[in-house]
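Visitor: Sharing upload-v4.txt, compact mmCIF, C-alpha atoms and all ligand atoms:
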```txt
# COMPACT_ATOMS: atom_id res chain seq x y z
CA MET A 1 14.99 -54.77 -145.67
CA TRP A 2 13.80 -53.59 -142.28
CA GLY A 3 14.70 -55.66 -139.32
CA ILE A 4 17.90 -57.13 -140.75
CA ASN A 5 20.15 -55.08 -138.50
CA ARG A 6 18.05 -55.46 -135.40
CA HIS A 7 20.84 -54.35 -133.08
CA PHE A 8 20.60 -50.97 -134.77
CA LEU A 9 16.99 -50.59 -133.79
CA SER A 10 15.83 -47.56 -131.92
CA PRO A 11 12.97 -47.90 -129.43
CA SER A 12 9.99 -49.24 -131.29
CA PHE A 13 8.07 -46.96 -133.61
CA LYS A 14 4.49 -47.14 -132.50
CA ILE A 15 1.60 -45.04 -133.58
CA LYS A 16 -1.66 -45.77 -131.89
CA LYS A 17 -4.18 -45.91 -134.65
CA GLU A 18 -6.93 -47.99 -136.05
CA ILE A 19 -6.45 -49.50 -139.45
CA LYS A 20 -9.46 -48.47 -141.45
CA ASN A 21 -10.71 -49.28 -144.90
CA VAL A 22 -8.20 -52.00 -145.63
CA SER A 23 -9.43 -53.86 -148.67
CA PRO A 24 -10.25 -57.48 -147.96
CA CYS A 25 -7.53 -59.63 -149.43
CA ILE A 26 -5.95 -63.02 -148.89
CA PRO A 27 -2.26 -62.72 -148.12
CA SER A 28 -0.08 -65.10 -150.07
CA ILE A 29 1.93 -67.86 -148.40
CA GLU A 30 5.16 -65.98 -149.28
CA TYR A 31 3.90 -62.89 -147.51
CA LEU A 32 2.83 -64.76 -144.39
CA LEU A 33 6.16 -66.58 -144.25
CA TRP A 34 8.00 -63.29 -144.54
CA CYS A 35 5.94 -61.76 -141.77
CA GLY A 36 6.79 -64.73 -139.59
CA LYS A 37 6.44 -63.98 -135.91
CA LYS A 38 6.00 -60.29 -136.51
CA ILE A 39 2.46 -60.34 -137.80
CA PHE A 40 1.29 -62.45 -134.87
CA ASN A 41 3.04 -60.33 -132.27
CA HIS A 42 0.38 -58.44 -130.35
CA ASN A 43 2.80 -55.54 -129.78
CA THR A 44 3.10 -54.85 -133.48
CA SER A 45 1.12 -51.98 -134.94
CA TYR A 46 0.10 -51.90 -138.56
CA MET A 47 -0.18 -49.65 -141.54
CA LYS A 48 -1.71 -49.81 -144.99
CA ALA A 49 0.63 -50.47 -147.87
CA ALA A 50 0.45 -51.48 -151.53
CA LEU A 51 2.31 -54.76 -151.71
CA PHE A 52 3.24 -57.40 -154.24
CA THR A 53 4.45 -60.89 -153.45
CA LYS A 54 5.38 -61.94 -156.99
CA TYR A 55 6.73 -59.96 -159.90
CA GLN A 56 3.98 -58.95 -162.30
CA ALA A 57 1.28 -60.30 -159.94
CA PRO A 58 -1.49 -57.96 -158.75
CA ILE A 59 -0.45 -55.29 -156.27
CA THR A 60 -2.89 -55.38 -153.37
CA ILE A 61 -3.56 -53.12 -150.41
CA GLU A 62 -2.45 -55.01 -147.32
CA LYS A 63 -2.19 -54.50 -143.60
CA VAL A 64 1.54 -54.77 -142.83
CA PRO A 65 3.68 -54.14 -139.73
CA ASP A 66 4.78 -50.54 -139.24
CA PRO A 67 8.42 -49.97 -140.17
CA ASP A 68 11.19 -50.53 -137.64
CA LEU A 69 13.24 -47.47 -136.82
CA LEU A 70 17.02 -47.80 -137.15
CA ILE A 71 19.26 -45.44 -135.19
CA ASP A 72 20.36 -43.53 -138.32
CA GLY A 73 16.89 -43.33 -139.83
CA VAL A 74 13.63 -41.45 -139.64
CA ILE A 75 10.10 -42.64 -140.21
CA ILE A 76 8.08 -40.40 -142.46
CA GLU A 77 4.31 -40.26 -142.63
CA VAL A 78 3.87 -40.21 -146.39
CA LYS A 79 1.69 -37.32 -147.57
CA ALA A 80 2.33 -37.69 -151.29
CA THR A 81 4.21 -40.13 -153.49
CA GLY A 82 4.75 -40.05 -157.24
CA ILE A 83 4.22 -43.04 -159.49
CA CYS A 84 7.27 -43.57 -161.66
CA ARG A 85 8.22 -45.92 -164.45
CA SER A 86 11.09 -47.24 -162.30
CA ASP A 87 8.42 -48.56 -159.89
CA TRP A 88 6.96 -50.41 -162.85
CA HIS A 89 10.40 -51.86 -163.69
CA GLY A 90 10.70 -53.04 -160.08
CA TRP A 91 7.27 -54.68 -160.21
CA MET A 92 8.12 -56.34 -163.53
CA GLY A 93 11.23 -57.94 -161.96
CA HIS A 94 13.76 -55.89 -163.97
CA ASP A 95 15.58 -54.59 -160.88
CA SER A 96 17.63 -57.04 -158.84
CA ASP A 97 17.43 -54.76 -155.77
CA VAL A 98 13.72 -55.53 -155.39
CA GLN A 99 13.22 -58.47 -153.02
CA LEU A 100 9.80 -59.99 -152.42
CA PRO A 101 7.42 -59.24 -150.84
CA HIS A 102 7.79 -55.60 -151.72
CA VAL A 103 6.23 -52.16 -151.34
CA PRO A 104 7.12 -49.79 -154.22
CA GLY A 105 7.44 -45.99 -154.15
CA HIS A 106 10.48 -43.72 -154.20
CA GLU A 107 9.25 -40.17 -154.96
CA LEU A 108 7.88 -38.92 -151.69
CA ALA A 109 7.26 -36.06 -149.35
CA GLY A 110 5.86 -36.20 -145.86
CA GLU A 111 6.24 -35.45 -142.19
CA VAL A 112 8.81 -36.92 -139.83
CA VAL A 113 7.06 -38.90 -137.08
CA ALA A 114 9.96 -40.79 -135.47
CA VAL A 115 13.69 -40.09 -135.30
CA GLY A 116 16.58 -42.53 -134.75
CA LYS A 117 18.98 -42.01 -131.83
CA THR A 118 21.95 -40.80 -133.86
CA VAL A 119 20.03 -38.48 -136.19
CA ARG A 120 20.98 -34.85 -135.56
CA ASN A 121 19.28 -32.77 -138.25
CA TRP A 122 15.66 -33.82 -138.00
CA GLN A 123 12.87 -33.87 -135.53
CA LYS A 124 9.24 -34.87 -135.35
CA GLY A 125 7.02 -32.58 -137.36
CA ASP A 126 9.62 -31.61 -139.98
CA ARG A 127 8.30 -31.55 -143.56
CA VAL A 128 10.84 -33.39 -145.67
CA THR A 129 11.57 -34.99 -148.98
CA LEU A 130 14.58 -36.84 -150.40
CA PRO A 131 16.14 -37.99 -153.66
CA PHE A 132 15.43 -41.62 -154.54
CA CYS A 133 19.16 -42.45 -154.55
CA CYS A 134 20.19 -42.14 -150.93
CA GLY A 135 23.82 -42.24 -149.81
CA CYS A 136 25.27 -43.88 -146.69
CA GLY A 137 27.30 -40.82 -145.74
CA TYR A 138 30.64 -42.58 -145.13
CA CYS A 139 31.80 -44.40 -148.29
CA PRO A 140 34.36 -42.75 -150.64
CA GLN A 141 31.61 -41.51 -152.99
CA CYS A 142 29.63 -39.93 -150.16
CA ALA A 143 32.82 -38.47 -148.66
CA SER A 144 33.41 -36.68 -151.99
CA GLY A 145 29.83 -35.38 -152.10
CA GLN A 146 28.61 -37.84 -154.75
CA GLN A 147 25.89 -39.55 -152.70
CA GLN A 148 23.93 -40.33 -155.88
CA VAL A 149 26.45 -43.08 -156.69
CA CYS A 150 26.99 -44.28 -153.09
CA ASP A 151 28.76 -47.63 -152.71
CA ASN A 152 26.18 -48.69 -150.10
CA TYR A 153 23.19 -47.00 -151.67
CA PHE A 154 19.77 -47.04 -150.08
CA GLN A 155 16.75 -46.61 -152.30
CA PRO A 156 13.28 -46.67 -150.79
CA GLY A 157 11.04 -48.71 -153.06
CA PHE A 158 14.03 -50.78 -154.25
CA THR A 159 16.56 -51.79 -151.57
CA ALA A 160 13.86 -51.34 -148.92
CA TRP A 161 10.12 -50.95 -148.79
CA GLY A 162 8.97 -47.71 -150.32
CA SER A 163 6.36 -45.01 -150.00
CA PHE A 164 3.22 -46.65 -151.38
CA ALA A 165 2.28 -46.88 -147.71
CA GLU A 166 1.19 -44.76 -144.79
CA TYR A 167 4.75 -44.73 -143.43
CA VAL A 168 8.21 -45.24 -144.84
CA HIS A 169 11.56 -45.69 -143.10
CA ILE A 170 14.49 -43.71 -144.51
CA ARG A 171 18.01 -44.71 -143.54
CA TYR A 172 20.91 -42.24 -143.28
CA ALA A 173 18.41 -39.46 -142.71
CA ASP A 174 20.99 -36.77 -141.91
CA VAL A 175 22.64 -37.22 -145.31
CA ASN A 176 19.56 -37.61 -147.46
CA CYS A 177 16.52 -35.82 -146.13
CA VAL A 178 15.85 -32.33 -147.41
CA ARG A 179 13.68 -29.66 -145.80
CA MET A 180 10.67 -28.71 -147.89
CA LYS A 181 10.02 -25.14 -148.98
CA GLU A 182 7.11 -23.71 -147.04
CA SER A 183 5.41 -22.46 -150.17
CA MET A 184 5.47 -25.84 -151.91
CA SER A 185 2.86 -28.55 -151.46
CA TYR A 186 3.58 -32.18 -150.63
CA GLU A 187 2.44 -33.16 -154.14
CA GLU A 188 4.71 -30.67 -155.91
CA THR A 189 7.66 -31.66 -153.72
CA ALA A 190 7.14 -35.41 -154.00
CA ILE A 191 7.33 -35.42 -157.80
CA LEU A 192 10.82 -33.92 -157.69
CA GLY A 193 12.38 -36.99 -156.04
CA CYS A 194 13.28 -39.07 -159.08
CA ARG A 195 12.47 -37.78 -162.52
CA PHE A 196 12.88 -34.07 -161.81
CA VAL A 197 16.14 -34.33 -159.83
CA THR A 198 17.52 -36.67 -162.48
CA ALA A 199 16.65 -34.24 -165.27
CA TYR A 200 18.05 -31.33 -163.25
CA ARG A 201 21.36 -33.03 -162.53
CA GLY A 202 21.54 -34.36 -166.11
CA ILE A 203 21.14 -30.89 -167.59
CA VAL A 204 22.83 -28.65 -165.04
CA ALA A 205 25.63 -30.73 -163.48
CA GLN A 206 26.34 -33.29 -166.21
CA GLY A 207 25.32 -31.39 -169.36
CA LYS A 208 26.41 -27.95 -168.11
CA LEU A 209 23.76 -26.43 -170.38
CA GLN A 210 24.09 -22.65 -170.74
CA PRO A 211 21.49 -19.97 -171.50
CA GLY A 212 21.00 -19.62 -175.26
CA GLN A 213 22.22 -23.14 -176.09
CA TRP A 214 19.99 -25.76 -177.71
CA LEU A 215 18.70 -28.74 -175.71
CA ALA A 216 17.00 -31.75 -177.33
CA VAL A 217 14.72 -33.93 -175.21
CA HIS A 218 13.87 -37.34 -176.67
CA GLY A 219 10.74 -38.66 -174.94
CA CYS A 220 8.15 -36.52 -173.15
CA GLY A 221 7.31 -38.65 -170.11
CA GLY A 222 8.01 -37.43 -166.56
CA VAL A 223 11.79 -37.01 -167.03
CA GLY A 224 11.38 -35.41 -170.44
CA LEU A 225 8.78 -32.90 -169.29
CA SER A 226 10.97 -32.05 -166.29
CA ALA A 227 13.95 -31.53 -168.60
CA ILE A 228 11.91 -29.23 -170.83
CA MET A 229 10.84 -27.06 -167.91
CA ILE A 230 14.37 -26.89 -166.47
CA GLY A 231 15.95 -26.14 -169.86
CA HIS A 232 13.41 -23.39 -170.45
CA ALA A 233 13.95 -21.99 -166.94
CA ILE A 234 17.71 -21.63 -167.42
CA GLY A 235 17.23 -19.84 -170.73
CA ALA A 236 18.08 -22.61 -173.22
CA ARG A 237 16.16 -23.27 -176.45
CA VAL A 238 14.40 -26.62 -176.25
CA ILE A 239 13.40 -29.18 -178.90
CA ALA A 240 10.99 -31.88 -177.68
CA VAL A 241 10.55 -35.19 -179.51
CA ASP A 242 7.78 -37.72 -178.92
CA LEU A 243 5.37 -39.98 -180.80
CA GLU A 244 2.16 -38.44 -179.47
CA GLU A 245 0.70 -35.09 -180.44
CA GLU A 246 -0.94 -34.67 -177.05
CA LYS A 247 2.38 -34.99 -175.22
CA LEU A 248 4.06 -32.63 -177.67
CA ALA A 249 1.35 -30.02 -177.18
CA PHE A 250 1.89 -30.33 -173.43
CA ALA A 251 5.67 -30.06 -173.93
CA LYS A 252 5.10 -26.83 -175.83
CA SER A 253 2.95 -25.45 -173.01
CA LEU A 254 5.82 -26.16 -170.59
CA GLY A 255 8.37 -24.22 -172.62
CA ALA A 256 9.53 -26.32 -175.61
CA ASN A 257 10.41 -23.97 -178.50
CA VAL A 258 10.12 -26.66 -181.17
CA VAL A 259 8.30 -30.01 -181.10
CA LEU A 260 8.90 -32.95 -183.45
CA ASN A 261 6.62 -35.94 -183.86
CA ALA A 262 8.82 -38.95 -184.63
CA GLN A 263 5.86 -40.61 -186.37
CA ALA A 264 5.75 -37.80 -188.90
CA VAL A 265 9.47 -37.02 -189.18
CA ASP A 266 11.54 -39.89 -190.58
CA ASP A 267 14.98 -38.65 -189.65
CA ILE A 268 14.89 -36.91 -186.29
CA PRO A 269 18.66 -36.19 -186.02
CA SER A 270 18.71 -34.54 -189.46
CA ALA A 271 15.64 -32.47 -188.61
CA ILE A 272 17.28 -31.30 -185.38
CA LYS A 273 20.53 -30.45 -187.14
CA GLU A 274 18.63 -28.44 -189.72
CA ILE A 275 16.62 -26.50 -187.13
CA THR A 276 19.66 -25.75 -184.98
CA LYS A 277 22.09 -25.28 -187.88
CA GLY A 278 24.51 -27.92 -186.73
CA GLY A 279 23.08 -29.77 -183.76
CA VAL A 280 22.30 -29.28 -180.08
CA ALA A 281 24.77 -28.67 -177.26
CA VAL A 282 23.04 -31.13 -174.95
CA SER A 283 20.66 -33.97 -175.81
CA ILE A 284 18.81 -36.24 -173.44
CA ASP A 285 17.40 -39.71 -173.97
CA ALA A 286 14.58 -39.43 -171.48
CA LEU A 287 12.83 -42.62 -172.59
CA GLY A 288 15.46 -45.37 -172.70
CA SER A 289 15.25 -47.13 -176.06
CA GLN A 290 17.80 -47.90 -178.74
CA THR A 291 16.10 -45.48 -181.14
CA THR A 292 15.91 -42.53 -178.75
CA CYS A 293 19.47 -43.15 -177.52
CA ILE A 294 20.96 -43.23 -181.02
CA ASN A 295 18.82 -40.31 -182.22
CA SER A 296 20.02 -38.33 -179.22
CA VAL A 297 23.71 -39.00 -179.97
CA LEU A 298 23.25 -38.12 -183.64
CA SER A 299 21.42 -34.85 -182.77
CA LEU A 300 24.53 -33.33 -181.20
CA GLN A 301 26.68 -30.51 -182.44
CA LYS A 302 30.45 -31.01 -182.35
CA ARG A 303 31.64 -31.54 -178.75
CA GLY A 304 28.00 -31.90 -177.69
CA LYS A 305 26.90 -33.99 -174.72
CA HIS A 306 24.47 -36.91 -174.79
CA ILE A 307 22.94 -37.58 -171.39
CA GLN A 308 21.44 -41.04 -170.88
CA ILE A 309 18.70 -40.85 -168.30
CA GLY A 310 16.01 -43.29 -169.50
CA LEU A 311 16.67 -46.78 -168.15
CA MET A 312 17.80 -49.26 -170.80
CA THR A 313 16.35 -52.71 -170.14
CA GLY A 314 15.51 -55.90 -172.01
CA PRO A 315 16.24 -55.69 -175.75
CA HIS A 316 17.34 -52.05 -175.33
CA ALA A 317 20.05 -52.80 -172.77
CA THR A 318 23.04 -52.55 -175.13
CA PRO A 319 22.35 -49.96 -177.83
CA PRO A 320 24.71 -49.84 -180.85
CA ILE A 321 26.01 -46.32 -180.21
CA PRO A 322 27.51 -44.78 -183.39
CA MET A 323 31.10 -44.41 -182.22
CA GLY A 324 32.28 -42.88 -185.52
CA PRO A 325 30.74 -39.46 -184.84
CA VAL A 326 31.49 -39.82 -181.12
CA ILE A 327 35.20 -39.86 -182.02
CA SER A 328 35.29 -37.48 -184.97
CA ASN A 329 33.02 -34.87 -183.34
CA GLU A 330 34.38 -35.38 -179.83
CA LEU A 331 30.94 -36.14 -178.48
CA GLU A 332 30.48 -37.00 -174.83
CA ILE A 333 28.28 -39.89 -173.64
CA ILE A 334 27.33 -39.22 -170.05
CA GLY A 335 25.16 -41.09 -167.56
CA SER A 336 23.09 -39.38 -164.93
CA HIS A 337 21.69 -41.07 -161.86
CA GLY A 338 19.47 -39.04 -159.56
CA MET A 339 20.99 -36.24 -157.51
CA GLN A 340 22.49 -35.65 -154.09
CA GLY A 341 20.23 -34.34 -151.33
CA HIS A 342 22.66 -31.46 -150.72
CA GLN A 343 22.02 -30.16 -154.26
CA TYR A 344 18.29 -29.71 -153.61
CA PRO A 345 18.46 -26.12 -152.27
CA ALA A 346 19.80 -24.70 -155.57
CA MET A 347 17.17 -26.64 -157.50
CA LEU A 348 14.33 -25.52 -155.21
CA ASP A 349 15.54 -21.92 -155.51
CA LEU A 350 15.45 -22.19 -159.33
CA ILE A 351 11.93 -23.65 -159.20
CA LEU A 352 10.68 -20.76 -157.08
CA ALA A 353 12.68 -18.01 -158.82
CA LYS A 354 11.56 -19.07 -162.31
CA GLN A 355 8.13 -20.19 -161.15
CA ILE A 356 8.51 -23.60 -162.78
CA PRO A 357 4.89 -24.79 -163.04
CA LEU A 358 5.15 -28.08 -161.13
CA LYS A 359 1.39 -28.17 -160.57
CA LYS A 360 0.89 -28.38 -164.30
CA MET A 361 2.98 -31.53 -164.37
CA ILE A 362 0.62 -33.37 -162.05
CA GLY A 363 -1.71 -35.23 -164.38
CA LYS A 364 -3.68 -37.18 -161.77
CA GLU A 365 -4.05 -37.32 -157.99
CA LEU A 366 -5.05 -40.78 -156.77
CA ASP A 367 -5.66 -42.79 -153.63
CA LEU A 368 -3.44 -45.75 -152.75
CA THR A 369 -5.70 -48.36 -154.37
CA ALA A 370 -6.04 -46.45 -157.63
CA GLY A 371 -2.32 -45.65 -157.56
CA ALA A 372 -1.40 -49.33 -157.29
CA ALA A 373 -3.65 -50.09 -160.25
CA ALA A 374 -2.13 -47.24 -162.26
CA LEU A 375 1.37 -48.52 -161.59
CA MET A 376 0.56 -51.90 -163.13
CA GLU A 377 -0.58 -50.16 -166.33
CA MET A 378 2.36 -47.80 -166.68
CA ASP A 379 3.78 -49.45 -169.78
CA ALA A 380 0.73 -48.32 -171.76
CA PHE A 381 2.08 -44.71 -171.82
CA LYS A 382 -1.48 -43.41 -171.54
CA ASN A 383 -0.84 -40.51 -169.24
CA THR A 384 0.26 -36.99 -169.90
CA GLY A 385 2.03 -35.56 -166.88
CA VAL A 386 2.79 -37.49 -163.72
CA MET A 387 0.52 -39.30 -161.28
CA VAL A 388 0.64 -38.71 -157.53
CA ILE A 389 -0.87 -40.72 -154.69
CA ASN A 390 -2.00 -38.37 -151.92
CA GLN A 391 -4.67 -40.37 -150.08
CA PHE A 392 -3.68 -43.40 -148.02
ZN ZN B 1 27.95 -43.82 -149.45
ZN ZN B 2 11.61 -42.97 -160.46
```
Could the structure of this file be written out as structure tokens, please?
Ligand SMILES: [Zn+2]
Ligand SMILES: [Zn+2]
Guide:
Amino acid sequence: MWGINRHFLSPSFKIKKEIKNVSPCIPSIEYLLWCGKKIFNHNTSYMKAALFTKYQAPITIEKVPDPDLLIDGVIIEVKATGICRSDWHGWMGHDSDVQLPHVPGHELAGEVVAVGKTVRNWQKGDRVTLPFCCGCGYCPQCASGQQQVCDNYFQPGFTAWGSFAEYVHIRYADVNCVRMKESMSYEETAILGCRFVTAYRGIVAQGKLQPGQWLAVHGCGGVGLSAIMIGHAIGARVIAVDLEEEKLAFAKSLGANVVLNAQAVDDIPSAIKEITKGGVAVSIDALGSQTTCINSVLSLQKRGKHIQIGLMTGPHATPPIPMGPVISNELEIIGSHGMQGHQYPAMLDLILAKQIPLKKMIGKELDLTAGAAALMEMDAFKNTGVMVINQF
């Protein structure tokens, strides 16, 4: 959380501005205690943020102190931030990294407005984004280029306050920030930061999917739709599975060759094996349930790769994976967790070269208040495409 390592602080981040249109709200005792001296310090400047003080309690728009700037960090004025199911898990209390009070948000793009003393690669005015899973830059994982599994990981919206705010502080900026493509909007870039990079790494780096191979995508939420577009872009044949016709129609419009409604098809793995004449080379559980996980494993051809991307929580945390076929067919069970910032350029090049229709993926653009409300309703699975907050 900001302010813990105060000796690392750079000169104070201050932006002279009036706070306007902050919804009237009564801060909770927990929030006031956390703010302590800071909120009553006349030198502190403030920003708007969507904040919760208890898990599963209403997220309200509050006036909170601007972020402190650490010497290895940058402060980004958030221009767009995606709303992701992992934010919902954090709000529900499923993620032990989330400490109260908390500001969610981890898929973001914006403009650098303050730069820490030791940061070399960035300056004010740069348009940047970042993967949600930031590395420290010096642990053994980071030293080997695997920042996505950093031993001292930093995740805005989880280990620190996130981007459902006017400003967000990003630590280890040299390692994690990525320059935006000039031709891409803040909205298109922001939605890459979690679900898209995870799907890209899952398919390309972990799954090693090749043109002409079959890819199965179980679950057509944000990760699933991203996986469909990426699979299609690299020339694979894609089967999309979901429970809703509307999502399947959308999946088809994004490049799925075959769609299967699991409400209408009893045995999804058998259907996939019949269509592909033996199973898919790579299969992704993009939802995170016991059913989708097991269906994904059983959809594979011999020596195929199951990629687990959907988070497994609650009753789904320990799925009974069918180890018989895993052994006899030499299947691979592989996790995938975000992506390193340094892998962004290849992904951005693919997006532009293949004209991946990111705009089509944006289902709704919202302001901060509506975005906070939408986050609390994420478990209802009502939306097709992803939601982006772009007014603060
Ligand atoms: Zn590290
Ligand atoms: Zn996410």
Visitor: Which is closest to Gly193 (chain A) among A:Tyr46, A:Tyr344, A:Phe132, A:Trp122, if we use all atoms listed in the file?
Guide: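 With all atoms listed in the file as the atom set, the closest residue is A:Phe132.
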Visitor: Which residues are near region 145-157 of chain A? Cut-off 6 Å, only C-alpha atoms, ignore same chain within fewer than 2 positions. Put them as a short mmCIF file (atom, residue, chain, number, x, y, z; two decimals) with C-alpha atoms, in the frame of the given file.
Guide:
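Written out: around10.cif:
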```cif
data_model
loop_
_atom_site.label_atom_id
_atom_site.label_comp_id
_atom_site.auth_asym_id
_atom_site.auth_seq_id
_atom_site.Cartn_x
_atom_site.Cartn_y
_atom_site.Cartn_z
CA PRO A 104 7.12 -49.79 -154.22
CA GLY A 105 7.44 -45.99 -154.15
CA HIS A 106 10.48 -43.72 -154.20
CA PHE A 132 15.43 -41.62 -154.54
CA CYS A 133 19.16 -42.45 -154.55
CA CYS A 134 20.19 -42.14 -150.93
CA GLY A 135 23.82 -42.24 -149.81
CA CYS A 136 25.27 -43.88 -146.69
CA GLN A 141 31.61 -41.51 -152.99
CA CYS A 142 29.63 -39.93 -150.16
CA ALA A 143 32.82 -38.47 -148.66
CA THR A 159 16.56 -51.79 -151.57
CA ALA A 160 13.86 -51.34 -148.92
CA TRP A 161 10.12 -50.95 -148.79
CA GLY A 162 8.97 -47.71 -150.32
CA GLY A 338 19.47 -39.04 -159.56
CA MET A 339 20.99 -36.24 -157.51
CA GLN A 340 22.49 -35.65 -154.09
#
```
Visitor: At a cut-off of 7 Å around ligand ZN 2 (chain B), and using all atoms listed in the file, what residues come up? Please write them as a list of chain:residue names.
Guide: A:Cys84, A:Arg85, A:Ser86, A:Asp87, A:His106, A:Glu107, A:Cys194, A:Arg195
Visitor: Output C-alpha atoms of each residue in that selection to a file, as a JSON list (two decimals), keeping the file's coordinate frame.
Guide:
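After the write, again_8.json holds the following:
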```json
[["chain", "number", "residue", "atom", "x", "y", "z"],
["A", 84, "CYS", "CA", 7.27, -43.57, -161.66],
["A", 85, "ARG", "CA", 8.22, -45.92, -164.45],
["A", 86, "SER", "CA", 11.09, -47.24, -162.30],
["A", 87, "ASP", "CA", 8.42, -48.56, -159.89],
["A", 106, "HIS", "CA", 10.48, -43.72, -154.20],
["A", 107, "GLU", "CA", 9.25, -40.17, -154.96],
["A", 194, "CYS", "CA", 13.28, -39.07, -159.08],
["A", 195, "ARG", "CA", 12.47, -37.78, -162.52]]
```
Visitor: Can you report as JSON the centre and edge lengths in Å, to one decimal, of an axis-aligned box around the listed atoms of region 93-112 of chain A padded with 3 Å on each side?
Guide:
```
{"center_x": 11.7, "center_y": -47.7, "center_z": -151.9, "size_x": 17.8, "size_y": 30.5, "size_z": 30.1}
```
Visitor: Ranking A:Leu130, A:Leu209, A:Ile61, A:Val175 by minimum distance to ligand ZN 1 (chain B) and counting all atoms listed in the file, which one comes first?
Guide: A:Val175
Visitor: Can you tell me how far CA of Gln290 (chain A) sits from CA of Val326 (chain A), in Å to one decimal?
Guide: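 So the answer is 16.1 Å.
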Visitor: Give the answer as one residue: which of A:Tyr138, A:Tyr200, A:Trp91, A:Phe250 has the shortest atom-to-atom distance to ligand ZN 1 (chain B), using only C-alpha atoms and all ligand atoms?
Guide: A:Tyr138
Visitor: Nearest to ligand ZN 1 (chain B): which of A:Ala57, A:Cys139, A:Val388, A:Val258 is it, counting all atoms listed in the file?
Guide: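 The shortest atom-to-atom distance to ligand ZN 1 (chain B) comes from A:Cys139.
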Visitor: For Lys63 (chain A), work out the shell of residues within 7 Å, counting all atoms listed in the file and skipping chain neighbours fewer than 5 positions away, then give it as a PyMOL selection string.
Guide: chain A and resi 22+46-49
Visitor: Could you check how far CA of Phe196 (chain A) sits from CA of Ser336 (chain A), in Å to one decimal?
Guide: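 Straight-line distance from CA of Phe196 (chain A) to CA of Ser336 (chain A) works out to 11.9 Å.
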Visitor: For Lys208 (chain A), which residue among A:Ala190, A:Val115, A:Tyr172, A:His306 is the nearest when counting all atoms listed in the file?
Guide: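 Among A:Ala190, A:Val115, A:Tyr172, A:His306, it is A:His306 that comes nearest to Lys208 (chain A).
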Visitor: Under the rule that all atoms listed in the file are counted, which of A:Pro131, A:Gly255, A:Gly202, A:Gly279 is the nearest residue to Val178 (chain A)?
Guide: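 For Val178 (chain A), the nearest of the given residues is A:Pro131.
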Visitor: Fewer than 3 positions away in the same chain doesn't count, so skip those; otherwise give me all residues within 12 Å of region 348-353 of chain A, counting only C-alpha atoms, as JSON, numbers by chain.
Guide: {"A": [129, 178, 179, 180, 181, 182, 183, 184, 188, 189, 192, 193, 196, 197, 200, 204, 226, 229, 230, 231, 232, 233, 234, 235, 341, 342, 343, 344, 345, 356, 357, 358, 359]}
Visitor: May I ask for the distance between CA of Leu254 (chain A) and CA of Ala227 (chain A), given in Å to one decimal place?
Guide: 9.9 Å
Visitor: Could you name the residues that touch Ala372 (chain A) at 8 Å or less, counting only C-alpha atoms, but leaving out those on the same chain fewer than 3 positions away, as an mmCIF file with C-alpha atoms, keeping the file's coordinate frame?
Guide:
```cif
data_model
loop_
_atom_site.group_PDB
_atom_site.id
_atom_site.type_symbol
_atom_site.label_atom_id
_atom_site.label_comp_id
_atom_site.auth_asym_id
_atom_site.auth_seq_id
_atom_site.Cartn_x
_atom_site.Cartn_y
_atom_site.Cartn_z
ATOM 1 C CA ALA A 50 0.450 -51.480 -151.530
ATOM 2 C CA ILE A 59 -0.450 -55.290 -156.270
ATOM 3 C CA THR A 60 -2.890 -55.380 -153.370
ATOM 4 C CA PHE A 164 3.220 -46.650 -151.380
ATOM 5 C CA LEU A 368 -3.440 -45.750 -152.750
ATOM 6 C CA THR A 369 -5.700 -48.360 -154.370
ATOM 7 C CA LEU A 375 1.370 -48.520 -161.590
ATOM 8 C CA MET A 376 0.560 -51.900 -163.130
#
```
Visitor: May I have the residues within 12 Å of Glu111 (chain A) as an NGL selection string, using only C-alpha atoms and disregarding those fewer than 6 positions away in the same chain?
Guide: :A and (74-80 or 122-130 or 166-170 or 177-180 or 186 or 190)
Visitor: Atoms are missing here; could region 307-313 of chain A be completed with N, CA and C atoms and written as a PDB file, in the coordinates of the input?
Guide:
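See rebuild_31.pdb below for the written result:
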```pdb
ATOM      1  N   ILE A 307      23.174 -37.151-172.775  1.00  0.00           N
ATOM      2  CA  ILE A 307      22.940 -37.580-171.390  1.00  0.00           C
ATOM      3  C   ILE A 307      21.931 -38.726-171.418  1.00  0.00           C
ATOM      4  N   GLN A 308      22.343 -39.886-170.939  1.00  0.00           N
ATOM      5  CA  GLN A 308      21.440 -41.040-170.880  1.00  0.00           C
ATOM      6  C   GLN A 308      20.755 -41.063-169.524  1.00  0.00           C
ATOM      7  N   ILE A 309      19.469 -40.862-169.548  1.00  0.00           N
ATOM      8  CA  ILE A 309      18.700 -40.850-168.300  1.00  0.00           C
ATOM      9  C   ILE A 309      17.677 -41.984-168.291  1.00  0.00           C
ATOM     10  N   GLY A 310      16.992 -42.198-169.440  1.00  0.00           N
ATOM     11  CA  GLY A 310      16.010 -43.290-169.500  1.00  0.00           C
ATOM     12  C   GLY A 310      16.707 -44.631-169.265  1.00  0.00           C
ATOM     13  N   LEU A 311      16.075 -45.472-168.468  1.00  0.00           N
ATOM     14  CA  LEU A 311      16.670 -46.780-168.150  1.00  0.00           C
ATOM     15  C   LEU A 311      16.633 -47.669-169.384  1.00  0.00           C
ATOM     16  N   MET A 312      17.723 -48.362-169.642  1.00  0.00           N
ATOM     17  CA  MET A 312      17.800 -49.260-170.800  1.00  0.00           C
ATOM     18  C   MET A 312      17.668 -50.692-170.295  1.00  0.00           C
ATOM     19  N   THR A 313      16.567 -51.338-170.624  1.00  0.00           N
ATOM     20  CA  THR A 313      16.350 -52.710-170.140  1.00  0.00           C
ATOM     21  C   THR A 313      15.954 -53.617-171.303  1.00  0.00           C
TER      22      THR A 313
END
```
